[in-house]
Each structure stands twice: as C-alpha cells, then as structure tokens.
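Peer 1: Pasting run_30.txt here (compact mmCIF, C-alpha atoms):
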# COMPACT_ATOMS: atom_id res chain seq x y z
CA MET Q 488 65.67 -5.26 50.64
CA ARG Q 489 66.73 -2.56 48.19
CA ILE Q 490 64.76 -2.35 44.97
CA ASN Q 491 65.73 -0.13 42.06
CA LEU Q 492 62.99 1.15 39.81
CA SER Q 493 63.44 2.60 36.37
CA ARG Q 494 61.17 3.73 33.55
CA LYS Q 495 62.97 1.31 31.26
CA GLN Q 496 62.12 -1.59 33.54
CA ILE Q 497 58.45 -0.64 33.86
CA ARG Q 498 58.13 -0.44 30.06
CA ASN Q 499 59.94 -3.74 29.66
CA SER Q 500 58.38 -6.42 27.43
CA PHE Q 501 58.25 -8.64 30.54
CA VAL Q 502 55.25 -6.67 31.86
CA ASP Q 503 53.46 -7.15 28.52
CA LYS Q 504 54.33 -10.83 28.51
CA VAL Q 505 52.87 -11.37 32.01
CA GLN Q 506 49.69 -9.52 31.03
CA GLU Q 507 49.40 -11.43 27.77
CA LEU Q 508 49.94 -14.90 29.25
CA SER Q 509 47.69 -14.26 32.25
CA GLY Q 510 45.04 -12.31 30.36
CA GLN Q 511 44.99 -9.85 33.26
CA ASN Q 512 45.26 -6.09 33.51
CA LEU Q 513 47.89 -5.59 36.19
CA LEU Q 514 47.12 -1.89 36.62
CA ALA Q 515 43.62 -2.70 37.84
CA CYS Q 516 45.14 -3.65 41.23
CA TYR Q 517 44.82 -1.00 43.96
CA GLN Q 518 46.69 -3.00 46.60
CA CYS Q 519 43.84 -3.73 48.99
CA GLY Q 520 45.64 -6.91 50.07
CA LYS Q 521 42.62 -9.21 50.14
CA CYS Q 522 44.47 -11.80 48.03
CA SER Q 523 47.24 -12.10 50.58
CA ALA Q 524 44.84 -11.97 53.52
CA GLY Q 525 42.95 -15.01 52.22
CA CYS Q 526 45.87 -16.97 50.78
CA PRO Q 527 46.49 -20.19 52.75
CA ALA Q 528 50.09 -20.32 51.50
CA VAL Q 529 51.45 -16.93 52.60
CA GLU Q 530 53.32 -18.44 55.53
CA ASP Q 531 55.69 -20.13 53.11
CA MET Q 532 55.95 -17.27 50.61
CA ASP Q 533 58.78 -14.75 50.32
CA ILE Q 534 56.76 -12.30 48.17
CA LEU Q 535 53.04 -12.19 48.98
CA PRO Q 536 50.34 -12.31 46.25
CA ASN Q 537 49.55 -8.56 46.39
CA GLN Q 538 53.29 -7.85 46.25
CA ILE Q 539 53.63 -10.16 43.24
CA ILE Q 540 51.12 -7.97 41.40
CA ARG Q 541 52.98 -4.80 42.42
CA TYR Q 542 56.35 -6.27 41.37
CA ALA Q 543 54.82 -7.32 38.05
CA GLN Q 544 53.43 -3.80 37.47
CA LEU Q 545 56.93 -2.45 38.05
CA GLY Q 546 58.63 -4.96 35.78
CA LEU Q 547 60.73 -6.53 38.54
CA LYS Q 548 61.48 -9.59 36.46
CA LYS Q 549 64.57 -10.82 38.29
CA GLU Q 550 62.98 -10.68 41.75
CA LEU Q 551 59.79 -12.39 40.59
CA LEU Q 552 61.43 -15.19 38.64
CA ALA Q 553 63.79 -15.93 41.53
CA SER Q 554 61.00 -15.96 44.11
CA LYS Q 555 60.03 -19.02 46.09
CA ALA Q 556 56.42 -17.88 46.25
CA ILE Q 557 55.55 -18.68 42.64
CA TRP Q 558 56.27 -22.35 43.36
CA ILE Q 559 54.35 -22.33 46.66
CA CYS Q 560 51.08 -21.20 45.07
CA ALA Q 561 48.92 -24.25 44.29
CA SER Q 562 46.31 -22.34 42.24
CA CYS Q 563 43.57 -22.84 44.83
CA LEU Q 564 41.96 -19.67 43.40
CA THR Q 565 40.94 -18.16 46.75
CA CYS Q 566 42.67 -14.91 45.72
CA ASN Q 567 40.74 -14.82 42.43
CA ALA Q 568 37.47 -15.42 44.26
CA ARG Q 569 38.09 -12.50 46.63
CA CYS Q 570 39.67 -9.83 44.41
CA PRO Q 571 37.30 -6.82 44.36
CA LYS Q 572 38.81 -5.72 41.05
CA GLY Q 573 38.26 -9.06 39.35
CA ILE Q 574 41.94 -9.74 38.79
CA ASN Q 575 42.89 -13.39 38.52
CA ILE Q 576 46.02 -13.36 40.64
CA ALA Q 577 46.52 -17.12 40.24
CA GLU Q 578 46.75 -16.60 36.48
CA VAL Q 579 49.45 -13.97 36.96
CA ILE Q 580 51.45 -16.40 39.11
CA GLU Q 581 50.91 -19.13 36.50
CA ALA Q 582 52.28 -16.76 33.83
CA LEU Q 583 55.45 -16.27 35.91
CA ARG Q 584 55.94 -20.02 36.29
CA GLN Q 585 55.31 -20.51 32.59
CA ILE Q 586 57.94 -17.92 31.64
CA LEU Q 587 60.50 -20.07 33.45
CA LEU Q 588 59.12 -23.45 32.38
CA ARG Q 589 59.03 -22.44 28.73
CA ASN Q 590 62.75 -21.90 29.04
CA ARG Q 591 63.09 -25.41 30.43
CA LYS Q 592 63.75 -24.32 34.00
CA ASP Q 593 61.91 -27.18 35.66
CA HIS Q 594 61.03 -26.83 39.32
CA LEU Q 595 60.17 -30.45 40.11
CA LYS Q 596 63.01 -32.92 39.75
CA VAL Q 597 61.09 -36.06 38.93
CA GLU Q 598 64.28 -38.12 38.83
CA LYS Q 599 64.87 -37.35 42.50
CA LEU Q 600 61.66 -39.07 43.60
CA SER Q 601 62.25 -42.52 45.04
CA ASP Q 602 60.41 -45.59 43.74
CA LYS Q 603 58.61 -45.76 47.09
CA GLU Q 604 57.38 -42.17 46.73
CA LYS Q 605 56.23 -42.80 43.17
CA GLU Q 606 54.32 -45.84 44.36
CA ASP Q 607 52.74 -44.21 47.42
CA ILE Q 608 51.76 -40.90 45.88
CA PRO Q 609 48.60 -41.24 43.77
CA PRO Q 610 48.81 -40.54 40.01
CA ILE Q 611 46.57 -37.50 40.42
CA ALA Q 612 49.26 -35.79 42.52
CA LEU Q 613 52.22 -36.85 40.39
CA ILE Q 614 50.62 -35.74 37.14
CA CYS Q 615 49.42 -32.42 38.61
CA SER Q 616 52.87 -31.71 39.94
CA MET Q 617 54.48 -32.52 36.60
CA ARG Q 618 51.92 -30.41 34.76
CA LYS Q 619 52.51 -27.42 37.01
CA PHE Q 620 56.21 -27.71 37.73
CA THR Q 621 57.89 -29.15 34.63
CA SER Q 622 58.16 -27.97 31.05
CA MET M 301 18.03 -44.31 34.30
CA LYS M 302 21.46 -44.78 32.73
CA ILE M 303 24.31 -42.28 32.92
CA SER M 304 27.70 -41.96 31.25
CA TYR M 305 30.64 -42.00 33.64
CA TYR M 306 34.20 -40.71 33.36
CA PRO M 307 36.30 -42.21 36.21
CA GLY M 308 39.77 -40.63 35.81
CA CYS M 309 43.08 -42.27 36.74
CA THR M 310 43.07 -42.33 40.53
CA LEU M 311 39.60 -43.86 40.85
CA LYS M 312 41.10 -47.00 39.31
CA ASN M 313 43.84 -47.47 41.89
CA HIS M 314 44.41 -45.42 45.07
CA ALA M 315 40.78 -44.25 45.14
CA LYS M 316 39.05 -47.51 44.21
CA ASN M 317 37.05 -47.06 47.43
CA PHE M 318 35.63 -43.86 45.89
CA GLU M 319 34.65 -45.62 42.67
CA ASP M 320 33.18 -48.78 44.20
CA SER M 321 31.12 -46.90 46.78
CA THR M 322 29.88 -44.50 44.07
CA ILE M 323 28.73 -47.25 41.74
CA CYS M 324 27.10 -49.27 44.51
CA SER M 325 25.25 -46.17 45.78
CA LEU M 326 23.99 -45.24 42.32
CA ASN M 327 22.86 -48.80 41.66
CA ALA M 328 20.99 -48.75 44.96
CA LEU M 329 19.21 -45.63 43.70
CA GLY M 330 18.23 -47.45 40.51
CA VAL M 331 20.80 -45.69 38.35
CA GLU M 332 22.88 -47.67 35.90
CA VAL M 333 26.42 -46.37 35.41
CA GLU M 334 28.09 -46.84 32.04
CA GLU M 335 31.81 -46.13 32.08
CA LEU M 336 33.20 -44.69 28.84
CA SER M 337 34.69 -47.62 26.93
CA ARG M 338 37.72 -45.48 26.09
CA TRP M 339 39.04 -42.48 27.98
CA ASN M 340 42.29 -40.68 28.67
CA CYS M 341 43.73 -38.40 31.37
CA CYS M 342 41.50 -35.37 32.03
CA GLY M 343 44.59 -33.14 32.05
CA THR M 344 44.42 -32.95 35.90
CA VAL M 345 44.79 -29.16 35.99
CA PHE M 346 43.08 -26.57 33.81
CA SER M 347 45.70 -24.56 31.95
CA LEU M 348 45.61 -21.01 33.24
CA THR M 349 47.68 -19.30 30.54
CA THR M 350 45.76 -17.75 27.65
CA ASP M 351 47.78 -19.28 24.81
CA ASP M 352 48.09 -22.82 26.16
CA LEU M 353 45.58 -24.61 23.94
CA ILE M 354 47.46 -27.89 23.65
CA HIS M 355 46.60 -28.84 27.22
CA HIS M 356 42.89 -28.59 26.46
CA VAL M 357 43.21 -31.44 23.97
CA ALA M 358 43.09 -34.14 26.67
CA PRO M 359 39.85 -33.00 28.34
CA ILE M 360 38.12 -32.26 25.02
CA ARG M 361 39.04 -35.69 23.63
CA ASN M 362 37.17 -37.23 26.56
CA LEU M 363 34.09 -35.21 25.66
CA ILE M 364 34.34 -36.54 22.09
CA ARG M 365 34.33 -40.06 23.61
CA VAL M 366 31.08 -39.15 25.40
CA LYS M 367 29.49 -38.18 22.07
CA GLU M 368 30.73 -41.40 20.49
CA ALA M 369 28.99 -43.32 23.27
CA ASN M 370 25.76 -41.48 22.30
CA TYR M 371 25.45 -39.40 25.44
CA ASP M 372 25.19 -35.63 25.78
CA LYS M 373 26.17 -35.56 29.47
CA VAL M 374 28.93 -37.15 31.47
CA MET M 375 29.33 -37.61 35.21
CA THR M 376 32.57 -37.32 37.16
CA VAL M 377 33.12 -37.85 40.86
CA CYS M 378 36.74 -36.71 41.22
CA ALA M 379 36.75 -32.97 41.95
CA MET M 380 39.85 -32.43 39.82
CA CYS M 381 38.47 -34.25 36.78
CA TYR M 382 35.22 -32.35 37.21
CA ASN M 383 36.98 -29.01 37.34
CA THR M 384 39.34 -29.66 34.43
CA LEU M 385 36.77 -31.20 32.09
CA LYS M 386 34.16 -28.57 32.85
CA ARG M 387 36.51 -25.60 32.60
CA ALA M 388 38.03 -26.78 29.31
CA ASN M 389 34.50 -27.25 28.00
CA GLU M 390 33.41 -23.77 29.10
CA ARG M 391 36.61 -22.27 27.70
CA ILE M 392 36.10 -23.63 24.19
CA LYS M 393 32.35 -22.97 24.26
CA SER M 394 33.01 -19.28 24.79
CA ASP M 395 35.81 -19.14 22.22
CA PRO M 396 34.87 -20.58 18.78
CA GLU M 397 38.29 -19.77 17.35
CA SER M 398 40.03 -22.00 19.89
CA LEU M 399 37.47 -24.72 19.26
CA ASP M 400 38.29 -24.63 15.53
CA ILE M 401 42.01 -24.86 16.25
CA LEU M 402 41.45 -27.84 18.56
CA ASN M 403 39.17 -29.64 16.09
CA ASN M 404 41.73 -29.12 13.33
CA PHE M 405 44.47 -30.41 15.59
CA MET M 406 42.45 -33.55 16.35
CA ASP M 407 41.78 -34.21 12.66
CA ARG M 408 41.82 -37.98 13.06
CA GLU M 409 38.82 -37.88 15.37
CA GLU M 410 35.69 -38.94 13.50
CA VAL M 411 33.46 -36.70 15.59
CA GLN M 412 33.86 -32.92 15.62
CA TYR M 413 33.44 -31.37 19.03
CA GLU M 414 30.95 -28.54 19.20
CA GLY M 415 30.78 -27.84 22.92
CA ASP M 416 27.69 -30.02 23.06
CA VAL M 417 28.47 -32.26 26.03
CA GLN M 418 27.56 -31.30 29.57
CA VAL M 419 29.89 -32.20 32.43
CA PHE M 420 28.32 -32.78 35.82
CA HIS M 421 29.40 -33.94 39.25
CA LEU M 422 27.78 -36.75 41.22
CA LEU M 423 26.74 -34.28 43.94
CA GLU M 424 24.83 -32.18 41.41
CA PHE M 425 23.17 -35.32 40.11
CA LEU M 426 22.09 -36.43 43.58
CA LYS M 427 20.73 -32.99 44.41
CA ASP M 428 19.08 -32.01 41.12
CA GLU M 429 18.19 -35.27 39.35
CA ILE M 430 17.49 -37.66 42.23
CA GLY M 431 16.67 -34.97 44.80
CA PHE M 432 17.96 -35.16 48.38
CA LYS M 433 14.43 -35.72 49.71
CA ASN M 434 13.92 -38.71 47.40
CA LEU M 435 17.34 -39.98 48.29
CA ALA M 436 16.48 -39.76 51.99
CA LYS M 437 13.54 -42.12 51.35
CA LYS M 438 15.96 -44.78 50.07
CA VAL M 439 18.08 -44.70 53.22
CA VAL M 440 17.99 -48.09 54.91
CA LYS M 441 20.63 -47.40 57.53
CA PRO M 442 20.49 -43.78 58.78
CA LEU M 443 23.89 -42.46 59.86
CA LYS M 444 22.46 -41.78 63.29
CA LYS M 445 24.57 -39.73 65.66
CA LEU M 446 27.56 -39.68 63.30
CA LYS M 447 29.15 -36.24 63.35
CA VAL M 448 30.53 -35.42 59.92
CA ALA M 449 32.63 -32.46 58.79
CA SER M 450 32.35 -31.86 55.04
CA TYR M 451 35.54 -30.68 53.39
CA TYR M 452 34.98 -29.09 49.98
CA GLY M 453 38.51 -27.96 49.15
CA CYS M 454 39.01 -25.83 46.06
CA LEU M 455 37.89 -27.45 42.88
CA LEU M 456 34.23 -28.18 43.54
CA VAL M 457 33.51 -24.53 44.28
CA ARG M 458 36.07 -22.38 42.45
CA PRO M 459 35.97 -20.61 40.07
CA LYS M 460 32.40 -19.38 40.33
CA GLU M 461 31.58 -20.18 36.69
CA ILE M 462 31.91 -23.91 37.26
CA GLY M 463 31.25 -24.32 40.97
CA PHE M 464 27.82 -25.64 41.87
CA ASP M 465 27.56 -24.05 45.28
CA ASP M 466 28.48 -20.87 47.13
CA MET M 467 32.24 -20.23 46.80
CA GLU M 468 32.74 -19.09 50.38
CA ASN M 469 30.12 -21.10 52.21
CA PRO M 470 29.14 -24.25 50.32
CA THR M 471 26.64 -26.55 52.03
CA ILE M 472 25.78 -29.24 49.46
CA LEU M 473 27.82 -31.97 51.19
CA ASP M 474 26.51 -30.95 54.61
CA ASP M 475 22.94 -31.06 53.26
CA LEU M 476 23.57 -34.53 51.84
CA MET M 477 25.03 -35.83 55.12
CA ASN M 478 22.06 -34.45 57.07
CA GLU M 479 19.62 -36.16 54.69
CA LEU M 480 21.45 -39.43 55.35
CA GLY M 481 20.73 -38.99 59.04
CA ALA M 482 24.18 -37.76 60.08
CA LYS M 483 24.84 -34.57 61.99
CA SER M 484 26.86 -32.18 59.86
CA VAL M 485 29.52 -30.15 61.62
CA ASP M 486 30.42 -26.74 60.22
CA PHE M 487 34.07 -25.69 60.45
CA PRO M 488 36.01 -22.69 59.17
CA PHE M 489 38.53 -24.55 57.00
CA LYS M 490 36.07 -26.35 54.73
CA THR M 491 37.20 -24.54 51.57
CA GLU M 492 40.85 -24.01 52.55
CA CYS M 493 43.36 -25.57 50.12
CA CYS M 494 44.96 -28.81 51.39
CA GLY M 495 48.18 -27.95 49.53
CA ALA M 496 47.28 -30.19 46.58
CA TYR M 497 50.20 -31.45 44.47
CA GLN M 498 52.76 -29.80 46.77
CA THR M 499 52.49 -33.19 48.49
CA VAL M 500 54.95 -34.57 45.92
CA ASP M 501 58.02 -32.54 46.78
CA LYS M 502 56.99 -30.37 49.74
CA PRO M 503 55.08 -32.73 52.06
CA GLU M 504 55.98 -30.55 55.07
CA ILE M 505 53.54 -27.92 53.74
CA ILE M 506 50.80 -30.55 53.63
CA ALA M 507 51.52 -31.47 57.26
CA ASP M 508 50.82 -27.83 58.25
CA ARG M 509 47.56 -27.68 56.31
CA THR M 510 46.36 -31.11 57.36
CA ASN M 511 47.03 -30.24 60.98
CA GLN M 512 45.12 -26.98 60.67
CA ILE M 513 42.15 -28.35 58.70
CA LEU M 514 41.62 -31.58 60.64
CA THR M 515 42.28 -30.09 64.08
CA SER M 516 39.65 -27.48 63.34
CA ALA M 517 37.13 -30.13 62.23
CA ARG M 518 37.85 -32.23 65.30
CA GLU M 519 37.54 -29.27 67.67
CA LYS M 520 34.10 -28.57 66.19
CA GLY M 521 33.13 -32.10 67.20
CA ALA M 522 33.59 -34.03 63.95
CA GLU M 523 34.10 -37.80 64.19
CA ILE M 524 34.86 -38.23 60.49
CA VAL M 525 35.67 -35.90 57.60
CA VAL M 526 34.26 -36.45 54.10
CA VAL M 527 35.86 -35.32 50.82
CA SER M 528 35.26 -35.52 47.09
CA CYS M 529 38.79 -35.30 45.75
CA PRO M 530 41.39 -38.11 45.71
CA LEU M 531 44.19 -35.57 46.13
CA CYS M 532 42.54 -33.96 49.17
CA ALA M 533 41.92 -37.49 50.45
CA PHE M 534 45.60 -38.41 50.13
CA ASN M 535 46.73 -35.21 51.84
CA LEU M 536 44.19 -35.34 54.65
CA ASP M 537 44.30 -39.11 55.20
CA GLN M 538 47.65 -40.68 54.23
CA ARG M 539 49.59 -37.54 55.12
CA GLN M 540 48.32 -37.74 58.72
CA LYS M 541 51.40 -39.89 59.29
CA LYS M 542 53.75 -37.01 58.45
CA THR M 543 51.42 -34.58 60.22
CA ALA M 544 51.70 -36.53 63.47
CA GLU M 545 55.49 -36.61 63.11
CA LYS M 546 55.63 -32.82 62.75
CA TYR M 547 52.89 -32.08 65.28
CA PRO M 548 53.06 -34.62 68.15
CA GLU M 549 49.81 -33.28 69.67
CA PHE M 550 47.90 -33.94 66.43
CA LYS M 551 45.02 -36.39 66.85
CA HIS M 552 44.06 -38.72 64.00
CA ILE M 553 40.60 -38.62 62.46
CA PRO M 554 39.20 -40.86 59.69
CA VAL M 555 38.79 -39.22 56.28
CA LEU M 556 36.29 -40.84 53.91
CA TYR M 557 34.98 -40.21 50.43
CA PHE M 558 31.45 -38.86 50.83
CA THR M 559 30.23 -41.84 48.84
CA GLN M 560 31.38 -44.25 51.54
CA PRO M 561 28.87 -43.06 54.19
CA LEU M 562 26.35 -42.67 51.34
CA ALA M 563 26.85 -46.33 50.41
CA ILE M 564 26.47 -47.38 54.07
CA ALA M 565 23.21 -45.45 54.36
CA LEU M 566 21.89 -47.01 51.16
CA GLY M 567 22.66 -50.52 52.42
CA CYS M 568 25.63 -51.37 50.19
CA PRO M 569 27.69 -54.40 51.25
CA GLU M 570 30.94 -53.79 53.10
CA GLU M 571 33.11 -54.98 50.17
CA SER M 572 31.95 -51.96 48.15
CA LEU M 573 33.27 -49.62 50.84
CA ARG M 574 36.89 -50.76 50.47
CA PHE M 575 37.99 -49.45 53.86
CA ASP M 576 41.34 -51.20 53.26
CA LEU M 577 42.27 -48.18 51.14
CA ASN M 578 41.54 -45.65 53.90
CA PHE M 579 44.72 -44.94 55.84
CA ILE M 580 43.14 -43.98 59.17
CA ASP M 581 40.77 -46.87 59.84
CA PRO M 582 37.18 -45.60 59.99
CA LYS M 583 35.80 -48.98 61.16
CA PRO M 584 36.10 -48.42 64.95
CA ILE M 585 33.96 -45.24 64.92
CA LEU M 586 31.49 -46.76 62.42
CA LYS M 587 31.17 -49.90 64.57
CA GLU M 588 30.67 -47.77 67.66
CA LYS M 589 27.76 -46.06 65.89
CA GLY M 590 26.34 -49.43 64.79
CA LEU M 591 26.79 -48.62 61.11
CA ILE M 592 28.90 -51.62 60.10
Mind turning the file's structure into structure tokens?
Peer 2:
Amino acid sequence: MRINLSRKQIRNSFVDKVQELSGQNLLACYQCGKCSAGCPAVEDMDILPNQIIRYAQLGLKKELLASKAIWICASCLTCNARCPKGINIAEVIEALRQILLRNRKDHLKVEKLSDKEKEDIPPIALICSMRKFTS
Amino acid sequence: MKISYYPGCTLKNHAKNFEDSTICSLNALGVEVEELSRWNCCGTVFSLTTDDLIHHVAPIRNLIRVKEANYDKVMTVCAMCYNTLKRANERIKSDPESLDILNNFMDREEVQYEGDVQVFHLLEFLKDEIGFKNLAKKVVKPLKKLKVASYYGCLLVRPKEIGFDDMENPTILDDLMNELGAKSVDFPFKTECCGAYQTVDKPEIIADRTNQILTSAREKGAEIVVVSCPLCAFNLDQRQKKTAEKYPEFKHIPVLYFTQPLAIALGCPEESLRFDLNFIDPKPILKEKGLI
C-alpha cells in the first residue's frame, strides 16, 4: 500500500482532535509493538494497534477512518495494560470511532437485527453494542 | 449484616441464574441483600473519550440512589456493571469540575453526589469482608474432585485502578474455587477478551475466541468453566452452538456463573441454581461428581 506523507497532513487538526478526545500523547509511542503482540483481535484487523498509533501521529485521517480495525477493537484494554509508555491505545481507537459516530456514521445497523436475534442476545450485549457503535 | 445491591439489567432476565445463586449464597452466609428500590442502566461501558460527560450520568445516578437508601457502599456482581459504576465514580472523584457539571445537570435530584459511595464486587466482599477461610467453614457440600477453570475476562481486572487482582495473573476466583473444595485449573486464556459485544453483529469472531478459550481450558483438564460476566457467559456458553458449527472438532464444556458452584457448596436448593438458563447443561458432570 502506498502512503503519502506531508507536513500539512501531520499538522492537521485531526491529530489534535485524536489527542484531545483520547487524552493521550501520541508522540510518546516508540513502536515497540507490545500492544499488537498482546491484542486478541489482531487476526481480524487491517491496521494493527501499533500501526494505528503511527498513522495517527502522521495524520492519516482517511486511512484510519476507513479502517476495519477500529470496529474490531472491543476495548478489552490489554494494550493499555501492557504499554511501557503508559499510552492508552484503546482510548485512541475510541477517539477514532467517536469522530465518525459524532458525524452520525453508525457502524451497527440495529434495524438489520432480526426479532429472534434481539430476543436471544442479552440486553447487556445489545446496549454495549449500541453504545459503542451508534451515535 | 445487610448490604445494598445493584443488579443491572441482565441479572433480571438472561442471567437470573447469576442473581438467584448470588442471593441464596449470601443468605447462606448470613448476609441480607437489599436491592436498590430504584435503579437504572449502569451505562454498560465506561466512556473512554475525555469530553463525554453525559454518559457518566447513568452510573452516577445509581450512586445517588445508594445514598438515598442510606448506604455508603453498593455491591455488584456483573463485571460490566462493576467496571462502569466504579470507573465513573473514580473519574468524577478525581475531577471536581466534572462532578459539578454532572450535579448541575441532574438538578432535579434531591441528593448531591460527592463521590461518597463505594462500589464493590461480590468477589471482593467474599474475600475481604467474609474471608475465604470463614467461607470455607460454611461449606456443607465440598466441590470434591470438580476441576474448574476460572475465566476472568477483561472487566474485573482492567484497568489497574479499578481491578481487585493482578491484571495479568489474577487468582481470586481460583482461590475461591479451591476453598470450596474444587480443584482449580490454570489456563493461559483466563484474561483474554471473549469478543464482548461483537457478538451482536460479528458472531463469527466470538466463535474463534470461544473455541480458543474453552479448548485451552479443556486441554488443561477443566470440567467446567466459571465466569462473572453475563456477556462472557453468553459468548462462552450460548455461542458454543456457533462455535461447534465453525469448528467441528470443538468439544462442549459447561460454563457457569461462579456463584452457581458457590451456592451448591453452601447447600442452596437446586431451584436457586436455575440451570435451565445455562445453555450447555452442567447437570451431567455435577451429578457424576455427586454434587446435585
């Protein structure tokens, strides 16, 4: 995959927005990769957690917001627990989801769930999913 | 002793087996459980973005209800409720400005919240207030020869500020099971995420995780797996159906709330165990061990 970098992109307000919403200092990351090594969801991700941090540092807004990975993360917080630099990676991923959700780009289509699914799946799961994946 | 109890939504329907076995066990230990007369959703997930105060209203309202009931502590058993209530509480305790904003927002509440309610989990209560050794003395039916794998998942242990055990190697459930006379089985996936709410629209991910977690427990010799979260329970128990469809070699294993074997050990009647709500029937293995 070809990625273009530019100074303009790195100094984009998107980088500030991600840092502000997540409360994290993206530049603290030195790419050790422990977050991705411990993440139980990497198999299903297109951009791995350490790469998400790197992309965010570089202001790669389009790539991040189009990624599948941000919707695969279930905020289990294993990455946060293991980061030697104290970065909360899960919060960064949450910030990316929130940027989309706050523009009403819902990920979960509640209306597509069948009555049977709504009955079988416990409320704890339905409400969590709506909280995380809808605006 | 009397304690205030916040059940949360799922304990009243899909996880009624968790609630009934909890209450029966606590009663057997001489503890009276008083459910909050009014409560609302805990919020289910703690909001991770810095500016998202509105989603802390739900958990904090519940803590106001605890004050109204004249308690300064509240017990939860659901790992998600525990995590969300406790984290929201810690968040506003460390941030007086947010607390003011929330109190102003909830201006029709008669009680102001001041961060003065403590949230605790049943496991902490059993360990610190009752004491596992004292609890062991109340065991009338030791879980002899039952091999139990304890699955902690995410929310009992992470993040560190609210977890009540080691993040990487928790043992509180194993210790409890051993005190009840069972043989705890250690396995490497005990804190690995079950996939959580991905179960709603990506159940194939859950099949992968359930296969990995339960196969590992079984290979280590476990006969049952115990959990403390209704969402983990759904993924590891009910989703075994989809797991077996995706992985034909997968072997079923009963998944119970930790309070179900606790209730057995404390002599609770079978109707409080509500095994009808467990998807993989635990009765054959429990009968084999002479426990029911």
Peer 1: Give me the chain Q side of the contact with chain M, cut-off 7 Å, one line per residue showing its nearest atom pair and distance in Å at one decimal, counting only C-alpha atoms, sorted by chain and residue number, as CSV.
Peer 2:
residue,atom,partner,partner_atom,distance
Q:Leu508,CA,M:Thr349,CA,5.1
Q:Ser509,CA,M:Thr349,CA,5.3
Q:Gly510,CA,M:Thr350,CA,6.1
Q:Pro527,CA,M:Cys493,CA,6.8
Q:Ala561,CA,M:Gly495,CA,6.5
Q:Cys563,CA,M:Cys454,CA,5.6
Q:Leu564,CA,M:Arg458,CA,6.6
Q:Ala568,CA,M:Pro459,CA,6.8
Q:Glu578,CA,M:Leu348,CA,5.6
Q:Glu581,CA,M:Leu348,CA,6.5
Q:Ala582,CA,M:Thr349,CA,6.2
Q:Pro609,CA,M:His314,CA,6.1
Q:Pro610,CA,M:Thr310,CA,6.0
Q:Ile611,CA,M:Thr310,CA,6.0
Q:Ala612,CA,M:Tyr497,CA,4.8
Q:Leu613,CA,M:Val500,CA,6.6
Q:Ile614,CA,M:Thr344,CA,6.9
Q:Cys615,CA,M:Thr344,CA,5.7
Q:Ser616,CA,M:Tyr497,CA,5.3
Peer 1: May I ask for the distance between CA of Lys444 in chain M and CA of Asn511 in chain M, given in Å to one decimal place?
Peer 2: 27.2 Å
Peer 1: When you count only C-alpha atoms, which of these residues is closest to Gln418 in chain M: M:Ile513, M:Leu446, M:Ile364, M:Ile580?
Peer 2: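 Ranking M:Ile513, M:Leu446, M:Ile364, M:Ile580 by distance to Gln418 in chain M, first place goes to M:Ile364.
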Peer 1: Give the answer as one residue: which of M:Lys427, M:Asp372, M:His356, M:Phe575 has the shortest atom-to-atom distance to Asn403 in chain M, using all atoms listed in the file?
Peer 2: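 Using all atoms listed in the file, Asn403 in chain M sits closest to M:His356.
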Peer 1: Step by step: start from the point (39.2, -10.4, 45.6) in the file's coordinates, keep every protein, DNA or RNA residue that has an atom no farther than 12 Å from it, count all atoms listed in the file, and write the set as a list in words.
Peer 2: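 Checked against the point, the hits come out as Ala515, Cys516, Tyr517, Gln518, Cys519, Gly520, Lys521, Cys522, Ser523, Ala524, Gly525, Cys526, Pro536, Asn537, Leu564, Thr565, Cys566, Asn567, Ala568, Arg569, Cys570, Pro571, Lys572, Gly573, Ile574, Asn575, Ile576 and Ala577 of chain Q; Glu468 of chain M.
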Peer 1: If I only have part of range 471-482 of chain M, can you fill in N, CA and C atoms and write it as an mmCIF file, in the coordinates of the input?
Peer 2:
data_model
loop_
_atom_site.group_PDB
_atom_site.id
_atom_site.type_symbol
_atom_site.label_atom_id
_atom_site.label_comp_id
_atom_site.auth_asym_id
_atom_site.auth_seq_id
_atom_site.Cartn_x
_atom_site.Cartn_y
_atom_site.Cartn_z
ATOM 1 N N THR M 471 27.323 -25.705 51.052
ATOM 2 C CA THR M 471 26.640 -26.550 52.030
ATOM 3 C C THR M 471 26.142 -27.866 51.437
ATOM 4 N N ILE M 472 26.392 -28.083 50.130
ATOM 5 C CA ILE M 472 25.780 -29.240 49.460
ATOM 6 C C ILE M 472 26.157 -30.579 50.128
ATOM 7 N N LEU M 473 27.414 -30.721 50.534
ATOM 8 C CA LEU M 473 27.820 -31.970 51.190
ATOM 9 C C LEU M 473 27.191 -32.085 52.584
ATOM 10 N N ASP M 474 27.146 -30.948 53.280
ATOM 11 C CA ASP M 474 26.510 -30.950 54.610
ATOM 12 C C ASP M 474 25.041 -31.339 54.491
ATOM 13 N N ASP M 475 24.369 -30.756 53.472
ATOM 14 C CA ASP M 475 22.940 -31.060 53.260
ATOM 15 C C ASP M 475 22.755 -32.555 52.985
ATOM 16 N N LEU M 476 23.659 -33.099 52.165
ATOM 17 C CA LEU M 476 23.570 -34.530 51.840
ATOM 18 C C LEU M 476 23.750 -35.377 53.108
ATOM 19 N N MET M 477 24.763 -35.050 53.901
ATOM 20 C CA MET M 477 25.030 -35.830 55.120
ATOM 21 C C MET M 477 23.846 -35.762 56.083
ATOM 22 N N ASN M 478 23.228 -34.582 56.183
ATOM 23 C CA ASN M 478 22.060 -34.450 57.070
ATOM 24 C C ASN M 478 20.890 -35.291 56.575
ATOM 25 N N GLU M 479 20.700 -35.335 55.251
ATOM 26 C CA GLU M 479 19.620 -36.160 54.690
ATOM 27 C C GLU M 479 19.844 -37.642 54.964
ATOM 28 N N LEU M 480 21.131 -38.021 55.080
ATOM 29 C CA LEU M 480 21.450 -39.430 55.350
ATOM 30 C C LEU M 480 21.304 -39.760 56.828
ATOM 31 N N GLY M 481 20.945 -38.765 57.614
ATOM 32 C CA GLY M 481 20.730 -38.990 59.040
ATOM 33 C C GLY M 481 21.906 -38.607 59.915
ATOM 34 N N ALA M 482 23.015 -38.169 59.290
ATOM 35 C CA ALA M 482 24.180 -37.760 60.080
ATOM 36 C C ALA M 482 23.967 -36.352 60.614
#
